[in-house]
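Novice: Data file run.cif (mmCIF, C-alpha atoms) is appended below.
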data_upload
#
loop_
_atom_site.label_atom_id
_atom_site.label_comp_id
_atom_site.auth_asym_id
_atom_site.auth_seq_id
_atom_site.Cartn_x
_atom_site.Cartn_y
_atom_site.Cartn_z
CA MET Q 1335 123.98 93.40 80.35
CA SER Q 1336 124.88 93.55 76.66
CA ASP Q 1337 126.67 90.79 74.72
CA ASP Q 1338 129.69 93.08 74.33
CA LYS Q 1339 129.94 93.40 78.08
CA ARG Q 1340 129.69 89.63 78.61
CA THR Q 1341 132.49 89.08 76.08
CA GLU Q 1342 134.61 91.63 77.84
CA ILE Q 1343 134.26 89.84 81.19
CA THR Q 1344 134.94 86.34 79.84
CA THR Q 1345 138.08 87.50 78.07
CA ALA Q 1346 139.51 89.33 81.09
CA PRO Q 1347 143.21 88.55 81.64
CA GLU Q 1348 144.22 85.85 84.10
CA PRO Q 1349 145.73 87.09 87.39
CA GLN Q 1350 149.50 87.30 87.34
CA LYS Q 1351 151.44 84.61 89.14
CA ALA Q 1352 153.15 85.30 92.48
CA GLY Q 1353 156.78 86.34 92.19
CA VAL Q 1354 156.24 88.26 88.98
CA PHE Q 1355 155.47 91.52 90.80
CA LYS Q 1356 158.11 94.18 91.31
CA LEU Q 1357 157.33 95.18 94.87
CA PRO Q 1358 158.47 98.48 96.39
CA SER Q 1359 161.35 98.13 98.85
CA LYS Q 1360 160.68 98.12 102.59
CA SER Q 1361 162.51 101.43 102.95
CA GLN Q 1362 160.20 102.94 100.32
CA LEU Q 1363 157.20 101.66 102.23
CA ARG Q 1364 158.51 103.11 105.52
CA LYS Q 1365 159.15 106.41 103.78
CA GLY Q 1366 155.51 106.43 102.65
CA ARG Q 1367 154.41 106.20 106.28
CA SER Q 1368 156.58 109.09 107.45
CA ASP Q 1369 154.96 112.24 108.83
CA ALA Q 1370 156.39 114.25 105.97
CA ALA Q 1371 154.75 111.95 103.43
CA LYS Q 1372 151.43 112.08 105.27
CA ALA Q 1373 151.58 115.86 105.39
CA GLN Q 1374 152.18 115.88 101.66
CA GLN Q 1375 149.23 113.53 101.21
CA ALA Q 1376 147.00 115.89 103.16
CA THR Q 1377 147.80 118.80 100.87
CA ALA Q 1378 147.32 116.54 97.86
CA GLU Q 1379 143.69 115.90 98.81
CA VAL Q 1380 141.70 117.49 96.06
CA ALA Q 1381 138.05 118.13 95.42
CA ALA Q 1382 136.18 116.84 92.40
CA GLY Q 1383 136.75 119.05 89.40
CA THR Q 1384 140.27 120.03 90.48
CA VAL Q 1385 142.99 120.08 87.84
CA ILE Q 1386 145.91 118.25 89.41
CA GLY Q 1387 149.04 120.36 89.56
CA LEU Q 1388 147.47 123.59 88.32
CA ASP Q 1389 148.31 126.72 90.32
CA THR Q 1390 144.85 128.24 90.57
CA ASP Q 1391 146.26 131.43 92.10
CA GLN Q 1392 147.85 132.03 88.71
CA TYR Q 1393 145.45 130.36 86.30
CA THR Q 1394 141.70 129.78 86.07
CA PRO Q 1395 140.82 126.50 84.36
CA ALA Q 1396 137.91 125.68 82.08
CA ILE Q 1397 137.19 121.99 81.65
CA ILE Q 1398 135.75 120.06 78.73
CA ASP Q 1399 134.68 116.46 79.30
CA LEU Q 1400 136.12 114.47 76.41
CA THR Q 1401 133.42 111.83 76.73
CA LEU Q 1402 130.97 114.36 75.26
CA ALA Q 1403 129.86 114.03 71.65
CA PRO Q 1404 132.51 115.37 69.22
CA ALA Q 1405 130.24 118.20 68.08
CA ARG Q 1406 129.79 119.43 71.64
CA ILE Q 1407 133.52 119.21 72.34
CA GLU Q 1408 134.17 121.32 69.28
CA TYR Q 1409 131.48 123.79 70.33
CA TYR Q 1410 133.10 124.27 73.74
CA ARG Q 1411 136.57 124.58 72.22
CA ARG Q 1412 135.33 127.43 70.10
CA ARG Q 1413 133.49 129.03 73.00
CA TYR Q 1414 136.54 128.85 75.28
CA ALA Q 1415 138.81 130.26 72.60
CA GLN Q 1416 136.26 133.05 72.10
CA LYS Q 1417 136.32 133.75 75.84
CA GLY Q 1418 140.09 134.10 75.88
CA TYR Q 1419 141.15 130.70 77.18
CA ALA Q 1420 144.08 128.74 75.77
CA LYS Q 1421 144.31 124.97 75.64
CA VAL Q 1422 146.73 123.24 77.99
CA GLU Q 1423 148.89 120.77 76.09
CA GLY Q 1424 149.63 117.31 77.43
CA SER Q 1425 147.13 115.26 79.37
CA PRO Q 1426 146.17 117.08 82.54
CA ILE Q 1427 144.23 115.01 85.07
CA VAL Q 1428 140.96 116.40 86.36
CA VAL Q 1429 139.57 114.73 89.48
CA GLY Q 1430 136.31 112.95 88.68
CA TYR Q 1431 136.76 112.92 84.90
CA THR Q 1432 137.61 109.89 82.76
CA ALA Q 1433 139.17 112.13 80.12
CA ALA Q 1434 139.20 115.89 80.08
CA GLU Q 1435 140.65 118.80 78.17
CA VAL Q 1436 141.78 121.78 80.20
CA TRP Q 1437 141.85 125.35 79.00
CA VAL Q 1438 143.22 128.21 81.08
CA LYS Q 1439 143.36 131.96 81.33
CA LEU Q 1440 145.30 134.11 83.76
CA ALA Q 1441 143.45 134.48 87.06
CA GLU Q 1442 143.74 138.26 86.85
CA ASP Q 1443 142.13 138.19 83.39
CA HIS Q 1444 139.37 135.96 84.74
CA ASP Q 1445 138.68 138.47 87.50
CA ALA Q 1446 138.67 141.30 84.98
CA ASP Q 1447 136.27 139.38 82.75
CA ARG Q 1448 133.98 138.73 85.70
CA ALA Q 1449 133.93 142.44 86.46
CA ALA Q 1450 133.16 143.06 82.79
CA ARG Q 1451 130.24 140.66 82.99
CA ARG Q 1452 128.98 142.57 86.01
CA ARG Q 1453 129.05 145.76 83.95
CA GLN Q 1454 127.29 143.92 81.13
CA ILE Q 1455 124.55 142.84 83.57
CA GLU Q 1456 124.24 146.37 84.97
CA ALA Q 1457 123.83 147.72 81.43
CA ALA Q 1458 121.25 145.02 80.69
CA VAL Q 1459 119.29 145.99 83.81
CA ILE Q 1460 119.36 149.66 82.87
CA SER Q 1461 118.18 148.91 79.35
CA GLY Q 1462 115.44 146.63 80.68
CA ARG Q 1463 116.75 143.41 79.14
CA MET Q 1464 117.37 141.91 82.58
CA ALA Q 1465 115.39 142.16 85.79
CA LYS Q 1466 116.79 144.21 88.67
CA SER Q 1467 117.18 140.94 90.57
CA ALA Q 1468 120.37 140.27 88.59
CA LEU Q 1469 122.12 142.85 90.76
CA GLY Q 1470 121.57 140.90 94.01
CA SER Q 1471 119.91 141.78 97.32
CA ARG Q 1472 120.89 143.84 100.32
CA ALA Q 1473 122.12 142.18 103.50
CA HIS Q 1474 122.32 143.31 107.08
CA VAL Q 1475 124.94 141.68 109.24
CA GLU Q 1476 124.74 141.45 113.00
CA PRO Q 1477 127.91 141.29 115.09
CA ALA Q 1478 129.25 137.94 116.20
CA LEU Q 1479 128.92 136.86 119.79
CA PRO Q 1480 132.35 136.60 121.48
CA SER Q 1481 133.92 133.30 122.39
CA HIS Q 1482 134.30 132.56 126.09
CA THR Q 1483 135.11 129.64 128.36
CA VAL Q 1484 132.49 127.91 130.47
CA ILE Q 1485 133.62 126.02 133.58
CA MET I 263 80.24 142.54 72.66
CA SER I 264 80.62 145.73 74.69
CA LEU I 265 82.66 146.01 77.88
CA ASN I 266 80.09 144.58 80.20
CA LEU I 267 80.36 142.30 83.20
CA GLU I 268 80.33 139.21 81.02
CA ALA I 269 83.29 140.49 78.99
CA VAL I 270 85.28 141.34 82.12
CA SER I 271 84.41 137.97 83.61
CA ARG I 272 85.52 136.19 80.45
CA VAL I 273 88.94 137.88 80.48
CA GLN I 274 89.34 137.14 84.18
CA ARG I 275 88.47 133.47 83.69
CA ALA I 276 91.02 133.19 80.88
CA PHE I 277 93.63 134.90 83.08
CA VAL I 278 93.08 132.52 86.00
CA ALA I 279 93.07 129.53 83.67
CA GLY I 280 96.30 130.80 82.11
CA LEU I 281 97.99 131.13 85.50
CA ALA I 282 96.90 127.65 86.51
CA GLU I 283 97.81 126.07 83.20
CA ARG I 284 101.51 126.63 83.46
CA THR I 285 103.17 126.91 86.83
CA GLY I 286 106.20 129.16 86.60
CA ASP I 287 109.52 127.44 86.07
CA TYR I 288 110.89 129.37 89.06
CA ALA I 289 108.55 127.36 91.30
CA VAL I 290 110.33 124.16 90.20
CA CYS I 291 113.73 125.55 91.18
CA CYS I 292 113.22 127.05 94.61
CA GLN I 293 110.99 127.62 97.61
CA VAL I 294 108.47 130.33 96.75
CA LEU I 295 107.92 132.58 99.77
CA ASP I 296 104.67 134.49 100.21
CA ALA I 297 105.24 136.68 103.28
CA ASP I 298 103.07 139.79 103.25
CA SER I 299 105.52 142.36 104.58
CA GLY I 300 107.14 145.55 103.38
CA GLU I 301 110.56 143.93 103.33
CA LEU I 302 111.55 140.31 103.47
CA GLN I 303 114.13 139.49 106.11
CA LEU I 304 115.80 136.11 105.91
CA GLY I 305 117.88 135.34 108.95
CA SER I 306 120.51 132.70 109.45
CA LEU I 307 122.44 131.80 112.54
CA ALA I 308 125.91 130.32 112.24
CA ALA I 309 125.74 128.05 115.27
CA GLY I 310 126.58 124.48 116.14
CA GLY I 311 129.62 122.98 114.45
CA LEU I 312 131.53 119.92 115.50
CA ALA I 313 130.68 118.79 119.04
CA THR I 314 133.20 118.52 121.88
CA GLU I 315 133.34 115.25 123.78
CA VAL I 316 132.82 115.54 127.52
CA ASN I 317 134.24 112.81 129.77
CA THR I 318 135.44 112.33 133.36
CA SER I 319 138.62 114.33 132.76
CA THR I 320 136.81 117.33 131.28
CA THR I 321 137.24 120.48 133.36
CA SER I 322 136.10 123.07 130.89
CA VAL I 323 134.61 123.43 127.47
CA SER I 324 135.39 126.36 125.21
CA ALA I 325 132.34 128.06 123.85
CA ALA I 326 132.36 128.66 120.13
CA ASN I 327 131.48 131.85 118.29
CA MET I 328 128.01 132.39 117.05
CA ALA I 329 127.19 134.82 114.26
CA SER I 330 123.88 135.86 112.83
CA LYS I 331 123.18 137.27 109.43
CA THR I 332 120.06 138.79 107.97
CA ALA I 333 119.49 139.28 104.27
CA THR I 334 116.98 142.04 103.61
CA ILE I 335 115.03 141.89 100.39
CA SER I 336 113.06 144.85 99.08
CA LYS I 337 109.77 144.31 97.30
CA GLN I 338 109.43 145.17 93.64
CA ALA I 339 106.09 146.02 92.05
CA TYR I 340 105.40 145.29 88.40
CA VAL I 341 102.63 146.01 85.92
CA LEU I 342 101.73 145.13 82.36
CA LYS I 343 99.36 147.66 80.83
CA HIS I 344 97.40 147.87 77.59
CA THR I 345 94.99 150.57 76.55
CA VAL I 346 92.80 149.75 73.57
CA PRO I 347 89.69 151.34 72.01
CA TRP I 348 86.60 149.78 73.48
CA ALA I 349 85.25 148.98 70.01
CA GLU I 350 88.29 146.76 69.29
CA PHE I 351 87.91 144.85 72.51
CA ASN I 352 84.76 143.04 71.66
CA SER I 353 85.31 139.57 70.27
CA ASP I 354 85.40 136.33 72.26
CA PHE I 355 88.82 135.63 70.77
CA THR I 356 90.24 138.98 71.94
CA LEU I 357 88.82 138.59 75.43
CA ASP I 358 90.14 135.05 75.86
CA GLN I 359 93.54 135.92 74.44
CA ALA I 360 93.84 139.04 76.57
CA GLY I 361 93.39 137.03 79.75
CA LEU I 362 95.61 134.18 78.67
CA LYS I 363 98.45 136.27 77.31
CA MET I 364 98.51 138.53 80.34
CA ALA I 365 98.72 135.44 82.57
CA ASN I 366 101.57 133.98 80.54
CA ALA I 367 103.40 137.29 80.48
CA SER I 368 103.07 137.68 84.26
CA GLN I 369 104.51 134.23 84.86
CA GLN I 370 107.26 134.68 82.34
CA ASN I 371 108.27 137.98 83.93
CA ILE I 372 108.58 136.30 87.32
CA ASN I 373 110.53 133.53 85.63
CA LYS I 374 112.88 136.12 84.22
CA GLN I 375 113.21 137.73 87.61
CA PHE I 376 114.37 134.39 89.03
CA PHE I 377 116.68 133.30 86.23
CA ASP I 378 118.21 136.77 85.79
CA GLY I 379 118.84 136.73 89.53
CA LEU I 380 120.47 133.34 89.21
CA GLU I 381 122.70 134.56 86.41
CA GLY I 382 123.73 137.53 88.51
CA LEU I 383 124.96 135.38 91.40
CA PHE I 384 128.40 134.97 89.81
CA SER I 385 129.01 138.68 90.24
CA ALA I 386 126.54 139.76 92.97
CA ALA I 387 128.09 140.51 96.35
CA HIS I 388 127.66 137.72 98.91
CA PRO I 389 125.35 138.88 101.73
CA ALA I 390 127.95 137.67 104.22
CA ALA I 391 131.03 139.04 102.44
CA GLY I 392 133.62 140.35 104.89
CA THR I 393 136.61 139.41 106.94
CA GLY I 394 134.94 138.90 110.32
CA ILE I 395 133.63 135.91 112.22
CA GLY I 396 130.77 134.22 110.40
CA GLU I 397 131.67 135.91 107.13
CA VAL I 398 132.87 134.34 103.91
CA GLY I 399 135.78 136.59 102.94
CA ALA I 400 136.29 140.05 101.51
CA ALA I 401 134.70 140.90 98.16
CA LYS I 402 133.22 137.45 97.71
CA THR I 403 130.29 136.84 95.41
CA PHE I 404 127.40 134.47 96.09
CA ILE I 405 128.86 131.84 93.74
CA ASP I 406 132.61 131.98 94.07
CA THR I 407 135.81 130.16 94.93
CA GLY I 408 137.52 130.41 98.30
CA LEU I 409 134.40 131.03 100.39
CA ALA I 410 135.53 130.97 104.01
CA TYR I 411 134.07 129.09 106.94
CA LEU I 412 135.20 129.43 110.57
CA GLN I 413 137.02 132.58 109.47
CA THR I 414 139.58 133.77 112.07
CA GLU I 415 138.94 130.63 114.16
CA ALA I 416 140.49 127.21 114.63
CA GLY I 417 139.61 124.87 111.80
CA ALA I 418 139.18 127.71 109.31
CA GLY I 419 139.05 126.77 105.67
CA THR I 420 137.61 127.70 102.33
CA GLN I 421 135.34 125.99 99.85
CA ASP I 422 134.09 126.60 96.33
CA ASN I 423 130.57 126.60 94.95
CA LEU I 424 131.85 127.83 91.60
CA LEU I 425 132.82 125.40 88.87
CA THR I 426 134.31 126.30 85.52
CA SER I 427 133.24 123.24 83.57
CA ALA I 428 131.27 122.59 80.43
CA PHE I 429 128.10 120.71 81.31
CA SER I 430 128.57 116.92 81.25
CA GLU I 431 127.84 113.89 83.37
CA SER I 432 131.20 114.20 85.12
CA ALA I 433 130.68 117.91 85.69
CA LEU I 434 127.26 117.24 87.24
CA ASP I 435 128.71 114.53 89.44
CA THR I 436 131.42 117.01 90.47
CA ALA I 437 128.72 119.48 91.50
CA ILE I 438 126.93 116.85 93.58
CA GLN I 439 130.19 115.93 95.30
CA ARG I 440 130.74 119.60 96.11
CA LEU I 441 127.26 119.78 97.66
CA GLN I 442 127.94 116.69 99.76
CA ASN I 443 131.25 118.01 101.00
CA TYR I 444 129.95 121.52 101.64
CA LYS I 445 130.42 122.78 105.20
CA ASP I 446 128.31 125.28 107.08
CA GLN I 447 129.82 128.39 108.72
CA ARG I 448 130.74 126.36 111.80
CA GLY I 449 132.62 123.81 109.70
CA LEU I 450 130.05 121.04 109.91
CA PRO I 451 129.73 118.95 106.72
CA LEU I 452 126.17 119.33 105.38
CA ASN I 453 126.03 116.29 103.06
CA MET I 454 123.50 118.05 100.86
CA GLY I 455 122.01 116.70 97.67
CA LEU I 456 121.13 113.15 98.61
CA ASN I 457 117.44 113.62 99.33
CA GLY I 458 116.42 113.52 95.67
CA ASN I 459 115.37 117.16 95.68
CA LEU I 460 117.97 118.66 93.36
CA CYS I 461 117.07 120.87 90.44
CA LEU I 462 119.37 121.32 87.46
CA VAL I 463 119.09 124.61 85.58
CA VAL I 464 120.63 124.89 82.12
CA GLY I 465 120.39 127.07 79.05
CA PRO I 466 118.75 125.83 75.83
CA LYS I 467 122.11 124.70 74.45
CA ASN I 468 122.50 122.17 77.28
CA ARG I 469 118.83 121.15 77.60
CA LYS I 470 119.04 117.96 75.55
CA SER I 471 122.30 116.89 77.09
CA ALA I 472 121.03 117.58 80.62
CA GLY I 473 117.85 115.59 80.01
CA GLU I 474 119.88 112.65 78.73
CA VAL I 475 122.40 112.73 81.58
CA VAL I 476 119.71 112.87 84.25
CA GLY I 477 117.04 110.75 82.60
CA SER I 478 119.02 107.85 81.16
CA MET I 479 118.72 104.49 82.85
CA LEU I 480 122.40 103.79 82.24
CA SER I 481 125.49 105.88 82.75
CA GLY I 482 128.69 106.25 80.73
CA ALA I 483 130.24 104.01 78.09
CA ASP I 484 130.38 101.07 80.49
CA MET I 485 126.60 101.29 80.98
CA GLN I 486 126.46 101.26 84.75
CA THR I 487 123.38 102.29 86.73
CA ASN I 488 122.74 106.02 86.43
CA THR I 489 122.88 107.11 90.06
CA LEU I 490 122.10 110.74 89.12
CA ARG I 491 118.49 109.81 88.31
CA ALA I 492 117.66 109.38 91.98
CA LEU I 493 119.27 112.68 92.98
CA VAL I 494 118.18 115.20 90.36
CA ALA I 495 114.40 115.53 90.39
CA ASP I 496 113.98 118.17 87.68
CA VAL I 497 115.80 119.74 84.77
CA VAL I 498 114.73 123.28 83.96
CA SER I 499 115.90 125.12 80.88
CA PHE I 500 115.74 128.88 80.44
CA PRO I 501 117.43 131.19 77.93
CA PHE I 502 120.08 133.03 79.91
CA THR I 503 120.76 136.62 78.92
CA THR I 504 124.54 136.94 79.25
CA ASP I 505 126.04 133.43 78.97
CA GLU I 506 124.19 130.43 77.61
CA ASP I 507 126.87 128.02 78.90
CA ASP I 508 126.10 128.68 82.58
CA TRP I 509 124.43 125.93 84.57
CA PHE I 510 123.33 125.55 88.17
CA LEU I 511 122.53 122.76 90.58
CA ILE I 512 120.16 123.78 93.36
CA ASP I 513 119.18 121.88 96.48
CA ARG I 514 115.53 122.93 96.80
CA THR I 515 115.42 121.84 100.43
CA GLN I 516 117.98 124.52 101.27
CA SER I 517 116.74 126.93 98.58
CA PRO I 518 119.58 129.45 98.99
CA CYS I 519 117.84 131.71 96.50
CA GLY I 520 114.34 131.96 95.17
CA ILE I 521 111.29 134.08 94.57
CA TRP I 522 109.24 136.04 97.06
CA ILE I 523 105.72 136.75 95.84
CA LYS I 524 104.20 139.37 98.09
CA GLU I 525 101.17 139.86 95.85
CA ALA I 526 100.29 137.24 93.25
CA PRO I 527 99.42 138.45 89.74
CA THR I 528 95.96 139.93 89.32
CA LEU I 529 94.23 141.43 86.31
CA GLU I 530 92.06 144.55 86.18
CA ILE I 531 89.95 145.64 83.23
CA ARG I 532 88.48 149.11 83.44
CA PRO I 533 87.06 151.60 80.96
CA SER I 534 88.80 154.97 80.71
CA ASP I 535 87.05 158.00 82.20
CA ASP I 536 85.52 158.94 78.88
CA GLY I 537 84.53 155.32 78.16
CA ILE I 538 86.35 155.28 74.83
CA PHE I 539 89.24 153.06 75.89
CA VAL I 540 89.69 149.93 77.95
CA ASN I 541 92.63 149.65 80.33
CA ILE I 542 93.88 146.10 80.90
CA VAL I 543 96.40 145.93 83.74
CA ALA I 544 98.14 142.90 85.21
CA LYS I 545 100.08 143.63 88.40
CA TRP I 546 102.01 141.79 91.04
CA VAL I 547 104.69 142.34 93.69
CA SER I 548 107.64 139.97 93.77
CA ALA I 549 111.39 139.85 94.35
CA PHE I 550 114.35 137.55 93.94
CA TYR I 551 115.82 136.59 97.27
CA THR I 552 119.13 135.19 98.43
CA ARG I 553 119.57 133.80 101.90
CA PRO I 554 122.48 135.03 104.03
CA TYR I 555 124.52 131.91 103.19
CA GLU I 556 125.10 130.14 99.93
CA TYR I 557 124.58 126.55 101.13
CA GLY I 558 122.74 124.55 98.50
CA ILE I 559 123.82 125.98 95.17
CA ILE I 560 126.65 125.13 92.82
CA GLY I 561 127.07 127.20 89.68
CA SER I 562 129.29 126.74 86.67
CA ASN I 563 130.49 129.75 84.77
CA VAL I 564 133.31 129.68 82.29
CA GLY I 565 133.72 133.42 82.10
#
Kindly transcribe the structure held in the file into C-alpha cells.
Specialist:
Amino acid sequence: MSDDKRTEITTAPEPQKAGVFKLPSKSQLRKGRSDAAKAQQATAEVAAGTVIGLDTDQYTPAIIDLTLAPARIEYYRRRYAQKGYAKVEGSPIVVGYTAAEVWVKLAEDHDADRAARRRQIEAAVISGRMAKSALGSRAHVEPALPSHTVI
Amino acid sequence: MSLNLEAVSRVQRAFVAGLAERTGDYAVCCQVLDADSGELQLGSLAAGGLATEVNTSTTSVSAANMASKTATISKQAYVLKHTVPWAEFNSDFTLDQAGLKMANASQQNINKQFFDGLEGLFSAAHPAAGTGIGEVGAAKTFIDTGLAYLQTEAGAGTQDNLLTSAFSESALDTAIQRLQNYKDQRGLPLNMGLNGNLCLVVGPKNRKSAGEVVGSMLSGADMQTNTLRALVADVVSFPFTTDEDDWFLIDRTQSPCGIWIKEAPTLEIRPSDDGIFVNIVAKWVSAFYTRPYEYGIIGSNVG
C-alpha cells in the first residue's frame, strides 16, 4: 500500500451522527416495495456495458473509457467521428465504467455500415487480401424435437 | 552445391525447424482440430436447461424441446510455389532460407486464415440463424446483439456477444461479465471465463494497452489487485485487415471458432522435367471453423 493510500484512509471523514440523516418517509419505502416498483426494477436490470437510458432500438452507442490515457481518448474520439458517430453531451452512465464518454449513431446507419463492411470484406477476399474464411462457414440445421408431456 | 539429396535434406530440415520455432498464433487462441475427413462437421445439441423439481405432489413433468445443429466446414487447400533456376539454388544460405521462409509463410497464412475469419464474424451469418426452436433469430451474425435463446418457448430471451467499446480495463471486465452471464440455448447460465483459459485478441494499436491491463499486478487508479490476471491467460496481437480497433475475448475451453488442419504444412523440392529449374512447393489443407453456437466469444466492433 502506498503512502498516499495510507494518508487517504487516515483522513477519511468521521461517520455522521444519528439524527442528521434525512430518511425517506414510510410511505415512500412502502411504495418502493410495491409490485409496480419491483416490475420497474426488473426492467431496469442492465448488463455491463449498457448505457443507462439509451434507446438502443434507435441508437447504437460507442463507448470510450475516460480513465484511458489522454492520447488514447483523443485517438478514439477521432476514430469515432471518422466512423460517423456523434458525441452525446452530458454525463451518460455506462454500467461497469467509472467514467465514460458515449458516442452514438442511428441504429439504421450502424446496420448499413455493417453491411458495407461485409461488402468490404467480400472485396478483400476476391482481391486476395483476406482469406476466404472471413466469409464464414456453412451450417446444416436439423429439426427440433417436439415438446410433449410425460406422465 | 547441386540439387542433390543433401540439398533437399537441408531445406527440409530448415522447414521443420521453422515450423517448430514459432507456433502459429492461431494455436494460442483456439482449439486446433486435426480430423482427417472431406468435410468437418461440428454438431451441437441444445439440451438440458433448468431442471424441474419433482416432489410428492408431482403428477407430470413437461418435456422440453431439444434441437440439434451441425456446422459443416469445407476443407481448403493452399500452396506456396517458387520455381528458380537450379544454378541459383545452390548456396547453404539459400537452402536454409528457403526452408525457413516457407515454414514462416505457411504458418502466417494459417494465422491469417484464423484472424480474417475472426474479423468476419461481425458480419458472417450465424450457423443457427433463424426463427425456429433452437435458433438465435433471423438474420443474426455470429457476433451480434439480440441473440435469442429458448426462442418461441417459455423463458425466452436475448443476449449480446457484441460490444461497441474502445478497448480498456472496464471494457475487458464488461466482456468477462458477459461471458459469465451467457446462457446456452436452453437458458442455462454458463458462467464461462473463470477457468483462467481466456485469450484476448487485439490489433497492434491496442497491444501495449492490452498487455498492461492484463499483466499489471495492480488495477485502476486505486491500485487494487488486478483480478483480470488470473482470468486472461494470453494476449495475442494481429494486424486486422478492415478495422484495427476490433478486439475479441475467447474462452479457449469452449473454442466457438478455430482452425481445422486436415493436412499440416509440408514442403516438396523437385527438379523440373528438363532439370533446369527447381520447384519448391509448400502445401497444406486447413479451414476456419465456427461451431453451431457462439458460446465463448465476445467481440467488440465500433463499426
Novice: Could you list, as a list in words, the residues of chain I having an atom within 6 Å of chain Q when counting only C-alpha atoms?
Specialist: Ser322, Val323, Ser324, Ala325, Ala326, Asn327, Met328, Ala329, Ser330, Lys331, Thr332, Ala333, Thr334, Ile335, Gln375, Asp378, Gly379, Gly382, Ser385, Ala386, Pro389, Thr426, Ser427, Ala428, Ser432, Thr436 and Phe550 of chain I
Novice: With 10 Å as the threshold, what does the neighbourhood of (133.0, 125.6, 93.4) contain in terms of residues, counting only C-alpha atoms? Coordinates are those of the file; answer as a compact mmCIF listing (two decimals) with C-alpha atoms, keeping the file's coordinate frame.
Specialist:
# COMPACT_ATOMS: atom_id res chain seq x y z
CA ALA Q 1381 138.05 118.13 95.42
CA ALA Q 1382 136.18 116.84 92.40
CA GLY Q 1383 136.75 119.05 89.40
CA THR Q 1384 140.27 120.03 90.48
CA ILE I 405 128.86 131.84 93.74
CA ASP I 406 132.61 131.98 94.07
CA THR I 407 135.81 130.16 94.93
CA GLY I 408 137.52 130.41 98.30
CA LEU I 409 134.40 131.03 100.39
CA GLN I 421 135.34 125.99 99.85
CA ASP I 422 134.09 126.60 96.33
CA ASN I 423 130.57 126.60 94.95
CA LEU I 424 131.85 127.83 91.60
CA LEU I 425 132.82 125.40 88.87
CA THR I 426 134.31 126.30 85.52
CA THR I 436 131.42 117.01 90.47
CA ALA I 437 128.72 119.48 91.50
CA ARG I 440 130.74 119.60 96.11
CA LEU I 441 127.26 119.78 97.66
CA TYR I 444 129.95 121.52 101.64
CA ILE I 559 123.82 125.98 95.17
CA ILE I 560 126.65 125.13 92.82
CA GLY I 561 127.07 127.20 89.68
CA SER I 562 129.29 126.74 86.67
CA ASN I 563 130.49 129.75 84.77
Novice: Apply the PyMOL selection byres ((chain I and resi 511) around 9) to the displayed file and report the matching residues as a PyMOL selection string.
Specialist: chain I and resi 434+437-438+460-464+494+509-510+512-513+558-562
Novice: Report the distance between atom CA of Q:Gln1392 and atom CA of I:Val398 in Å, rounded to one decimal place.
Specialist: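 Taking atom CA of Q:Gln1392 and atom CA of I:Val398, their separation equals 21.5 Å.
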Novice: What is the atom CA of I:Ala495-atom CA of I:Gly455 distance in Å, reported with one decimal?
Specialist: 10.6 Å
Novice: With 9 Å as the threshold, what does the neighbourhood of (127.6, 110.5, 82.3) contain in terms of residues, counting all atoms listed in the file? Coordinates are those of the file; answer as a list of chain:residue names.
Specialist: Q:Thr1401, Q:Leu1402, I:Ser430, I:Glu431, I:Ser432, I:Ala433, I:Leu434, I:Asp435, I:Glu474, I:Val475, I:Val476, I:Leu480, I:Ser481, I:Gly482, I:Ala483, I:Asn488, I:Leu490
Novice: Write the residues of the preceding selection, restricted to C-alpha atoms, as a PDB file, in the coordinates of the input.
Specialist:
ATOM      1  CA  THR Q1401     133.420 111.830  76.730  1.00  0.00           C
ATOM      2  CA  LEU Q1402     130.970 114.360  75.260  1.00  0.00           C
TER       3      LEU Q1402
ATOM      4  CA  SER I 430     128.570 116.920  81.250  1.00  0.00           C
ATOM      5  CA  GLU I 431     127.840 113.890  83.370  1.00  0.00           C
ATOM      6  CA  SER I 432     131.200 114.200  85.120  1.00  0.00           C
ATOM      7  CA  ALA I 433     130.680 117.910  85.690  1.00  0.00           C
ATOM      8  CA  LEU I 434     127.260 117.240  87.240  1.00  0.00           C
ATOM      9  CA  ASP I 435     128.710 114.530  89.440  1.00  0.00           C
ATOM     10  CA  GLU I 474     119.880 112.650  78.730  1.00  0.00           C
ATOM     11  CA  VAL I 475     122.400 112.730  81.580  1.00  0.00           C
ATOM     12  CA  VAL I 476     119.710 112.870  84.250  1.00  0.00           C
ATOM     13  CA  LEU I 480     122.400 103.790  82.240  1.00  0.00           C
ATOM     14  CA  SER I 481     125.490 105.880  82.750  1.00  0.00           C
ATOM     15  CA  GLY I 482     128.690 106.250  80.730  1.00  0.00           C
ATOM     16  CA  ALA I 483     130.240 104.010  78.090  1.00  0.00           C
ATOM     17  CA  ASN I 488     122.740 106.020  86.430  1.00  0.00           C
ATOM     18  CA  LEU I 490     122.100 110.740  89.120  1.00  0.00           C
TER      19      LEU I 490
END
Novice: For atom CA of I:Ala297 and atom CA of I:Lys524, determine how far apart the two atoms are, in Å to one decimal place.
Specialist: 5.9 Å
Novice: Enumerate, as a ChimeraX atom specification, the residues matched when the PyMOL selection byres ((chain I and resi 271) around 12) is run on the file above.
Specialist: /I:265-270,272-278,354,357-358,360-361,529-532
Novice: Just checking: using all atoms listed in the file, which residue out of I:Gly449, I:Gly565, I:Gly419, I:Gly280 ends up closest to I:Met364?
Specialist: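 Looking only at the distances to I:Met364, the closest residue turns out to be I:Gly280.
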Novice: My list of candidates is I:Asn468, I:Gln338, I:Thr320, I:Asn459. Which is closest to I:Trp546 when distances are computed with only C-alpha atoms?
Specialist: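 Counting only C-alpha atoms, the residue closest to I:Trp546 is I:Gln338.
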Novice: At a cut-off of 10 Å, using all atoms listed in the file, what residues contact stretch 340-342 of chain I? Leave out same-chain residues fewer than 5 positions from it and give the result as a list of chain:residue names.
Specialist: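 The residues that qualify are I:Met364, I:Ala367, I:Ser368, I:Asn371, I:Ile372, I:Pro527, I:Thr528, I:Leu529, I:Ile542, I:Val543, I:Ala544, I:Lys545, I:Trp546, I:Val547, I:Ser548.
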Novice: Skipping near chain neighbours, those fewer than 4 positions away, what residues fall within 8 Å of I:Tyr557 using only C-alpha atoms, listed as a ChimeraX atom specification?
Specialist: /I:444,446,516,518
Novice: Please produce a file of the residues just selected, as a JSON list (two decimals), keeping the file's coordinate frame, where the atoms kept are C-alpha atoms.
Specialist:
[["chain", "number", "residue", "atom", "x", "y", "z"],
["I", 444, "TYR", "CA", 129.95, 121.52, 101.64],
["I", 446, "ASP", "CA", 128.31, 125.28, 107.08],
["I", 516, "GLN", "CA", 117.98, 124.52, 101.27],
["I", 518, "PRO", "CA", 119.58, 129.45, 98.99]]
